[in-house]
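Content type PDB, C-alpha atoms and all ligand atoms, from the file query33.pdb:
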ATOM      1  CA  MET A   1     -21.216  -2.613 -32.101
ATOM      2  CA  SER A   2     -21.460  -0.359 -29.043
ATOM      3  CA  TYR A   3     -18.424   0.867 -27.086
ATOM      4  CA  SER A   4     -19.606  -1.197 -24.128
ATOM      5  CA  ALA A   5     -19.952  -4.464 -26.107
ATOM      6  CA  LYS A   6     -16.484  -3.956 -27.649
ATOM      7  CA  PHE A   7     -14.938  -3.202 -24.253
ATOM      8  CA  TRP A   8     -16.396  -6.309 -22.587
ATOM      9  CA  ASP A   9     -15.642  -8.545 -25.598
ATOM     10  CA  LYS A  10     -12.017  -7.449 -25.413
ATOM     11  CA  ILE A  11     -11.574  -8.346 -21.755
ATOM     12  CA  ALA A  12     -13.870 -11.417 -21.588
ATOM     13  CA  GLU A  13     -11.109 -14.089 -21.614
ATOM     14  CA  SER A  14      -9.036 -12.371 -18.925
ATOM     15  CA  TYR A  15     -12.191 -11.606 -16.879
ATOM     16  CA  SER A  16     -13.053 -15.315 -16.872
ATOM     17  CA  LYS A  17      -9.613 -16.159 -15.440
ATOM     18  CA  GLN A  18      -9.667 -13.579 -12.635
ATOM     19  CA  PRO A  19     -10.086 -15.137  -9.201
ATOM     20  CA  ILE A  20     -13.033 -13.882  -7.118
ATOM     21  CA  ALA A  21     -11.707 -10.900  -5.170
ATOM     22  CA  ASP A  22     -13.520 -11.617  -1.889
ATOM     23  CA  ARG A  23     -14.557 -15.269  -1.792
ATOM     24  CA  ALA A  24     -16.253 -15.080   1.633
ATOM     25  CA  ALA A  25     -18.430 -12.126   0.583
ATOM     26  CA  TYR A  26     -19.321 -13.855  -2.703
ATOM     27  CA  GLN A  27     -20.340 -17.014  -0.843
ATOM     28  CA  LYS A  28     -22.490 -15.026   1.571
ATOM     29  CA  LYS A  29     -24.262 -13.277  -1.325
ATOM     30  CA  LEU A  30     -24.931 -16.648  -2.998
ATOM     31  CA  GLN A  31     -26.268 -18.022   0.269
ATOM     32  CA  VAL A  32     -28.556 -15.044   0.981
ATOM     33  CA  THR A  33     -29.888 -15.158  -2.600
ATOM     34  CA  ARG A  34     -30.541 -18.871  -2.335
ATOM     35  CA  GLU A  35     -32.750 -18.365   0.701
ATOM     36  CA  TYR A  36     -35.232 -16.637  -1.639
ATOM     37  CA  PHE A  37     -35.184 -19.423  -4.257
ATOM     38  CA  LYS A  38     -37.786 -22.133  -4.752
ATOM     39  CA  PRO A  39     -37.438 -25.049  -7.218
ATOM     40  CA  ASP A  40     -40.258 -23.763  -9.488
ATOM     41  CA  MET A  41     -38.835 -20.256  -9.938
ATOM     42  CA  GLU A  42     -38.130 -18.408 -13.194
ATOM     43  CA  VAL A  43     -35.024 -16.239 -12.887
ATOM     44  CA  LEU A  44     -33.389 -13.604 -15.106
ATOM     45  CA  GLU A  45     -29.785 -12.518 -14.739
ATOM     46  CA  PHE A  46     -28.701  -9.486 -16.773
ATOM     47  CA  GLY A  47     -25.031  -8.659 -17.234
ATOM     48  CA  CYS A  48     -24.269 -12.292 -16.405
ATOM     49  CA  GLY A  49     -20.648 -12.058 -17.574
ATOM     50  CA  THR A  50     -19.032 -15.470 -17.890
ATOM     51  CA  GLY A  51     -21.968 -17.181 -16.213
ATOM     52  CA  SER A  52     -20.438 -18.427 -12.942
ATOM     53  CA  THR A  53     -23.229 -17.134 -10.713
ATOM     54  CA  ALA A  54     -26.046 -18.413 -12.943
ATOM     55  CA  ILE A  55     -24.370 -21.831 -13.165
ATOM     56  CA  THR A  56     -23.940 -21.959  -9.377
ATOM     57  CA  HIS A  57     -27.599 -21.057  -8.741
ATOM     58  CA  ALA A  58     -29.023 -23.311 -11.489
ATOM     59  CA  PRO A  59     -29.696 -26.402  -9.305
ATOM     60  CA  TYR A  60     -31.932 -24.365  -6.958
ATOM     61  CA  VAL A  61     -34.488 -22.997  -9.463
ATOM     62  CA  LYS A  62     -36.494 -24.119 -12.495
ATOM     63  CA  HIS A  63     -34.819 -21.947 -15.135
ATOM     64  CA  ILE A  64     -32.393 -19.044 -15.448
ATOM     65  CA  ARG A  65     -32.326 -16.803 -18.520
ATOM     66  CA  ALA A  66     -28.907 -15.173 -18.445
ATOM     67  CA  ILE A  67     -28.108 -12.286 -20.806
ATOM     68  CA  ASP A  68     -25.068 -10.168 -21.489
ATOM     69  CA  ILE A  69     -24.167  -7.452 -23.985
ATOM     70  CA  SER A  70     -20.902  -9.245 -24.824
ATOM     71  CA  SER A  71     -20.989 -12.220 -27.199
ATOM     72  CA  LYS A  72     -17.544 -13.272 -25.925
ATOM     73  CA  MET A  73     -18.793 -13.381 -22.318
ATOM     74  CA  ILE A  74     -21.757 -15.479 -23.476
ATOM     75  CA  GLU A  75     -19.506 -17.863 -25.434
ATOM     76  CA  ILE A  76     -17.420 -18.500 -22.312
ATOM     77  CA  ALA A  77     -20.528 -18.863 -20.124
ATOM     78  CA  GLN A  78     -22.042 -21.412 -22.532
ATOM     79  CA  ARG A  79     -18.776 -23.356 -22.626
ATOM     80  CA  LYS A  80     -18.720 -23.529 -18.815
ATOM     81  CA  ALA A  81     -22.385 -24.600 -18.618
ATOM     82  CA  ASP A  82     -21.786 -27.335 -21.225
ATOM     83  CA  ALA A  83     -18.713 -28.559 -19.324
ATOM     84  CA  GLU A  84     -20.792 -28.818 -16.147
ATOM     85  CA  ASN A  85     -23.784 -30.331 -17.959
ATOM     86  CA  ILE A  86     -26.077 -27.513 -16.789
ATOM     87  CA  LYS A  87     -29.299 -27.683 -18.805
ATOM     88  CA  ASN A  88     -31.612 -25.136 -17.150
ATOM     89  CA  VAL A  89     -29.671 -21.945 -17.925
ATOM     90  CA  THR A  90     -30.238 -20.232 -21.281
ATOM     91  CA  PHE A  91     -27.433 -17.831 -22.190
ATOM     92  CA  GLU A  92     -28.135 -15.099 -24.749
ATOM     93  CA  GLN A  93     -26.203 -12.148 -26.129
ATOM     94  CA  LEU A  94     -28.658  -9.348 -25.442
ATOM     95  CA  THR A  95     -28.606  -5.992 -23.689
ATOM     96  CA  ILE A  96     -30.991  -5.255 -20.863
ATOM     97  CA  ASP A  97     -32.524  -2.547 -23.100
ATOM     98  CA  GLU A  98     -33.170  -5.015 -25.941
ATOM     99  CA  LEU A  99     -34.689  -7.633 -23.671
ATOM    100  CA  THR A 100     -38.445  -8.073 -23.811
ATOM    101  CA  VAL A 101     -40.186  -9.980 -21.040
ATOM    102  CA  SER A 102     -43.922 -10.057 -20.317
ATOM    103  CA  ASP A 103     -45.002  -8.140 -17.225
ATOM    104  CA  ARG A 104     -45.266  -9.998 -13.907
ATOM    105  CA  THR A 105     -43.688 -13.224 -15.169
ATOM    106  CA  LEU A 106     -40.401 -13.523 -13.254
ATOM    107  CA  ASP A 107     -39.771 -14.577  -9.661
ATOM    108  CA  VAL A 108     -36.237 -13.262  -9.283
ATOM    109  CA  VAL A 109     -34.005 -10.885 -11.251
ATOM    110  CA  LEU A 110     -30.252 -10.738 -10.612
ATOM    111  CA  GLY A 111     -28.221  -7.666 -11.585
ATOM    112  CA  LEU A 112     -24.727  -8.170 -10.157
ATOM    113  CA  SER A 113     -21.936  -5.647 -10.713
ATOM    114  CA  ILE A 114     -23.951  -3.996 -13.459
ATOM    115  CA  LEU A 115     -26.171  -1.103 -12.271
ATOM    116  CA  HIS A 116     -23.190   1.295 -12.025
ATOM    117  CA  LEU A 117     -22.300   0.429 -15.641
ATOM    118  CA  LEU A 118     -25.616   1.608 -17.086
ATOM    119  CA  SER A 119     -26.391   5.087 -18.376
ATOM    120  CA  ASN A 120     -30.090   4.539 -17.569
ATOM    121  CA  LYS A 121     -30.228   2.654 -14.275
ATOM    122  CA  GLU A 122     -33.593   4.177 -13.268
ATOM    123  CA  GLU A 123     -35.209   2.942 -16.496
ATOM    124  CA  VAL A 124     -33.690  -0.502 -15.991
ATOM    125  CA  ILE A 125     -34.871  -0.695 -12.377
ATOM    126  CA  ALA A 126     -38.394   0.272 -13.494
ATOM    127  CA  LYS A 127     -38.235  -2.378 -16.242
ATOM    128  CA  VAL A 128     -37.149  -5.030 -13.722
ATOM    129  CA  HIS A 129     -40.001  -4.012 -11.419
ATOM    130  CA  LYS A 130     -42.511  -4.546 -14.247
ATOM    131  CA  MET A 131     -41.108  -7.975 -15.148
ATOM    132  CA  LEU A 132     -41.365  -9.289 -11.611
ATOM    133  CA  LYS A 133     -44.399 -11.038 -10.234
ATOM    134  CA  PRO A 134     -45.942  -9.418  -7.149
ATOM    135  CA  GLY A 135     -43.673 -10.394  -4.263
ATOM    136  CA  GLY A 136     -40.775 -11.005  -6.701
ATOM    137  CA  ILE A 137     -37.253  -9.967  -5.823
ATOM    138  CA  PHE A 138     -34.419  -8.033  -7.431
ATOM    139  CA  VAL A 139     -30.946  -8.949  -6.180
ATOM    140  CA  THR A 140     -28.212  -6.396  -6.846
ATOM    141  CA  SER A 141     -24.580  -5.971  -5.941
ATOM    142  CA  THR A 142     -23.362  -2.535  -6.915
ATOM    143  CA  MET A 143     -20.294  -0.344  -6.476
ATOM    144  CA  CYS A 144     -21.564   2.919  -5.029
ATOM    145  CA  LEU A 145     -18.540   5.034  -5.857
ATOM    146  CA  GLY A 146     -20.202   8.240  -4.718
ATOM    147  CA  ASP A 147     -19.776   7.111  -1.089
ATOM    148  CA  THR A 148     -16.003   7.177  -1.178
ATOM    149  CA  MET A 149     -14.226   7.915  -4.428
ATOM    150  CA  ASN A 150     -14.852  11.504  -5.458
ATOM    151  CA  PHE A 151     -11.735  11.548  -7.662
ATOM    152  CA  PHE A 152     -13.380   8.789  -9.684
ATOM    153  CA  LYS A 153     -15.758  11.381 -11.118
ATOM    154  CA  VAL A 154     -12.713  12.875 -12.872
ATOM    155  CA  ILE A 155     -10.866   9.646 -13.716
ATOM    156  CA  ALA A 156     -13.812   7.672 -15.112
ATOM    157  CA  PRO A 157     -14.505   9.816 -18.206
ATOM    158  CA  ILE A 158     -10.771   9.910 -19.035
ATOM    159  CA  GLY A 159     -10.447   6.121 -18.653
ATOM    160  CA  LYS A 160     -13.471   5.647 -20.883
ATOM    161  CA  PHE A 161     -12.088   8.092 -23.462
ATOM    162  CA  LEU A 162      -8.843   6.091 -23.604
ATOM    163  CA  GLY A 163     -10.756   2.808 -23.990
ATOM    164  CA  LEU A 164      -9.309   1.518 -20.693
ATOM    165  CA  MET A 165     -12.569   1.508 -18.766
ATOM    166  CA  PRO A 166     -16.242   0.892 -19.382
ATOM    167  CA  LEU A 167     -18.813   3.605 -18.754
ATOM    168  CA  VAL A 168     -18.994   3.949 -14.964
ATOM    169  CA  LYS A 169     -21.650   5.957 -13.154
ATOM    170  CA  VAL A 170     -20.984   7.451  -9.741
ATOM    171  CA  PHE A 171     -23.769   7.427  -7.143
ATOM    172  CA  THR A 172     -24.109   6.855  -3.415
ATOM    173  CA  THR A 173     -25.693   3.956  -1.549
ATOM    174  CA  LYS A 174     -28.483   6.313  -0.488
ATOM    175  CA  GLU A 175     -29.113   7.295  -4.122
ATOM    176  CA  LEU A 176     -29.223   3.633  -5.163
ATOM    177  CA  SER A 177     -31.665   2.777  -2.364
ATOM    178  CA  ASN A 178     -33.811   5.760  -3.379
ATOM    179  CA  SER A 179     -33.828   4.616  -7.022
ATOM    180  CA  LEU A 180     -35.101   1.221  -5.893
ATOM    181  CA  THR A 181     -37.765   2.525  -3.517
ATOM    182  CA  ASP A 182     -38.881   5.200  -6.045
ATOM    183  CA  ALA A 183     -39.528   2.356  -8.505
ATOM    184  CA  GLY A 184     -41.774   0.661  -5.942
ATOM    185  CA  PHE A 185     -39.383  -1.776  -4.293
ATOM    186  CA  ALA A 186     -38.957  -2.275  -0.563
ATOM    187  CA  ILE A 187     -35.426  -3.029   0.652
ATOM    188  CA  ASP A 188     -35.629  -6.519   2.138
ATOM    189  CA  TYR A 189     -31.928  -7.074   2.794
ATOM    190  CA  HIS A 190     -28.935  -4.732   2.736
ATOM    191  CA  TRP A 191     -25.293  -5.686   3.305
ATOM    192  CA  GLN A 192     -21.924  -4.177   2.550
ATOM    193  CA  PRO A 193     -18.876  -6.262   3.541
ATOM    194  CA  SER A 194     -16.851  -3.068   4.095
ATOM    195  CA  LYS A 195     -16.984   0.581   3.086
ATOM    196  CA  ASP A 196     -15.065   0.195  -0.186
ATOM    197  CA  LYS A 197     -16.970  -2.919  -1.340
ATOM    198  CA  ALA A 198     -20.077  -3.386  -3.451
ATOM    199  CA  VAL A 199     -23.436  -2.871  -1.746
ATOM    200  CA  PHE A 200     -25.577  -6.009  -1.810
ATOM    201  CA  ILE A 201     -29.323  -5.376  -1.778
ATOM    202  CA  VAL A 202     -32.343  -7.618  -2.067
ATOM    203  CA  ALA A 203     -35.283  -5.462  -3.139
ATOM    204  CA  LYS A 204     -38.820  -6.795  -3.030
ATOM    205  CA  LYS A 205     -41.819  -5.908  -5.165
ATOM    206  CA  ALA A 206     -44.962  -5.524  -3.073
ATOM    207  CA  ALA A 207     -47.064  -8.656  -3.053
ATOM    208  CA  LEU A 208     -50.392  -7.040  -3.952
ATOM    209  CA  VAL A 209     -49.620  -4.213  -6.405
ATOM    210  CA  ASP A 210     -49.143  -4.049 -10.165
TER     211      ASP A 210
HETATM  212  C1  LIG A 301     -18.524  -6.175 -14.117
HETATM  213  S1  LIG A 301     -19.159  -7.365 -15.211
HETATM  214  C2  LIG A 301     -20.120  -8.346 -14.075
HETATM  215  C3  LIG A 301     -20.350  -9.724 -14.565
HETATM  216  C4  LIG A 301     -21.076 -10.631 -13.571
HETATM  217  N1  LIG A 301     -22.416 -10.153 -13.279
HETATM  218  C5  LIG A 301     -20.267 -10.733 -12.298
HETATM  219  O1  LIG A 301     -20.785 -10.350 -11.238
HETATM  220  O2  LIG A 301     -19.123 -11.209 -12.366
HETATM  221  C6  LIG A 301     -20.429  -6.491 -16.077
HETATM  222  C7  LIG A 301     -21.076  -7.310 -17.167
HETATM  223  O3  LIG A 301     -22.203  -6.586 -17.649
HETATM  224  C8  LIG A 301     -22.238  -6.687 -19.061
HETATM  225  N2  LIG A 301     -23.010  -5.521 -19.546
HETATM  226  C9  LIG A 301     -22.612  -4.222 -19.589
HETATM  227  N3  LIG A 301     -23.608  -3.447 -20.034
HETATM  228  C10 LIG A 301     -24.666  -4.270 -20.295
HETATM  229  C11 LIG A 301     -25.997  -4.079 -20.780
HETATM  230  N4  LIG A 301     -26.438  -2.849 -21.110
HETATM  231  N5  LIG A 301     -26.823  -5.142 -20.905
HETATM  232  C12 LIG A 301     -26.377  -6.393 -20.590
HETATM  233  N6  LIG A 301     -25.124  -6.636 -20.141
HETATM  234  C13 LIG A 301     -24.282  -5.605 -19.976
HETATM  235  C14 LIG A 301     -20.782  -6.755 -19.463
HETATM  236  O4  LIG A 301     -20.595  -7.332 -20.727
HETATM  237  C15 LIG A 301     -20.169  -7.582 -18.349
HETATM  238  O5  LIG A 301     -20.183  -8.947 -18.639
END

Whole structure, structure tokens version:
Amino acid sequence: MSYSAKFWDKIAESYSKQPIADRAAYQKKLQVTREYFKPDMEVLEFGCGTGSTAITHAPYVKHIRAIDISSKMIEIAQRKADAENIKNVTFEQLTIDELTVSDRTLDVVLGLSILHLLSNKEEVIAKVHKMLKPGGIFVTSTMCLGDTMNFFKVIAPIGKFLGLMPLVKVFTTKELSNSLTDAGFAIDYHWQPSKDKAVFIVAKKAALVD
């Protein structure tokens, strides 16, 4: 089992009990995302954690495939979906690298609080771009630690070494936007509640290209 899977398995129960840090910002992100949804849409969420967002969005789309590297996160997510009688979300323990999806088959991909945890975010963004139908959207919410926390560049590897932190990559908002546009996305919506908060971006695949 990878370091990352072990780390997230270990904290899954406590993660599921943590209250949402900024409820107003979370609600706004849900609302903005929902404006892109249609009832016939096929959605993927990667790094879905304990499933709250997928469960909340489920009534607004046809189906959500929600994956996470951590089997413990998925267990909790499935339990919550069963308790709420949600039938159109499929939870699977799978990494974004292991996932195979046919090209141009998805309407929306959600990657929330995950891009800064990947060693290969450019590859993942390119993969998401391929999976999306023309005109499809990629919704991300990402800590861009390069904007503010330079000391984090020193702390993060130590925290990871001690098993206290997951892998965390440091990049700026500008670098994230560039990664998305380099992959062929256009930034359709950009919002950051405040300077130290995650950057919320809706990126759109062009309607008429591959
Ligand atoms: C910070 S949590 C975010 C969870 C959820 N998206 C949220 O916003 O609350 C990051 C999640 O990504 C998962 N994860 C980390 N690396 C992953 C990978 N390579 N593929 C899929 N999931 C991954 C972790 O297990 C964890 O549940």

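Taking CA of Leu208 in chain A and CA of Leu44 in chain A as endpoints, the distance between them is 21.4 Å.
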
Nearby residues (all atoms listed in the file) at most 12 Å from range 91-95 of chain A, same-chain spacing under 3 positions excluded, as a ChimeraX atom specification: /A:1-2,4-5,8-9,44-52,54-55,63-82,86-88,98-100,114,118,124

To one decimal place in Å, what is the distance between atom C4 of ligand LIG 301 (chain A) and CA of Met41 in chain A?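 Rounded to one decimal, the two atoms are 20.5 Å apart.
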
Give the answer as one residue: which of A:Thr173, A:Ser102, A:Ser113, A:Ser119 has the shortest atom-to-atom distance to Lys133 in chain A, using only C-alpha atoms?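 Of A:Thr173, A:Ser102, A:Ser113, A:Ser119, the one nearest Lys133 in chain A is A:Ser102, counting only C-alpha atoms.
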
Any chance you could work out the axis-aligned box around ligand LIG 301 (chain A), listed atoms only, 8 Å on each side, giving centre and edge lengths in Å to one decimal, as JSON?
{"center_x": -22.7, "center_y": -7.0, "center_z": -16.2, "size_x": 24.3, "size_y": 24.4, "size_z": 25.9}

Using all atoms listed in the file for the distances, tell me which of A:Leu30, A:Leu106, A:Leu117, A:Ala183 is nearest to Phe171 in chain A.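 Result for the nearest residue to Phe171 in chain A: A:Leu117.
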
Nearest to ligand LIG 301 (chain A), chosen from A:Thr53, A:Thr90, A:Asn178, A:Ser194, with only C-alpha atoms and all ligand atoms counted in the distances: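 Ranked by minimum distance to ligand LIG 301 (chain A), first place goes to A:Thr53.
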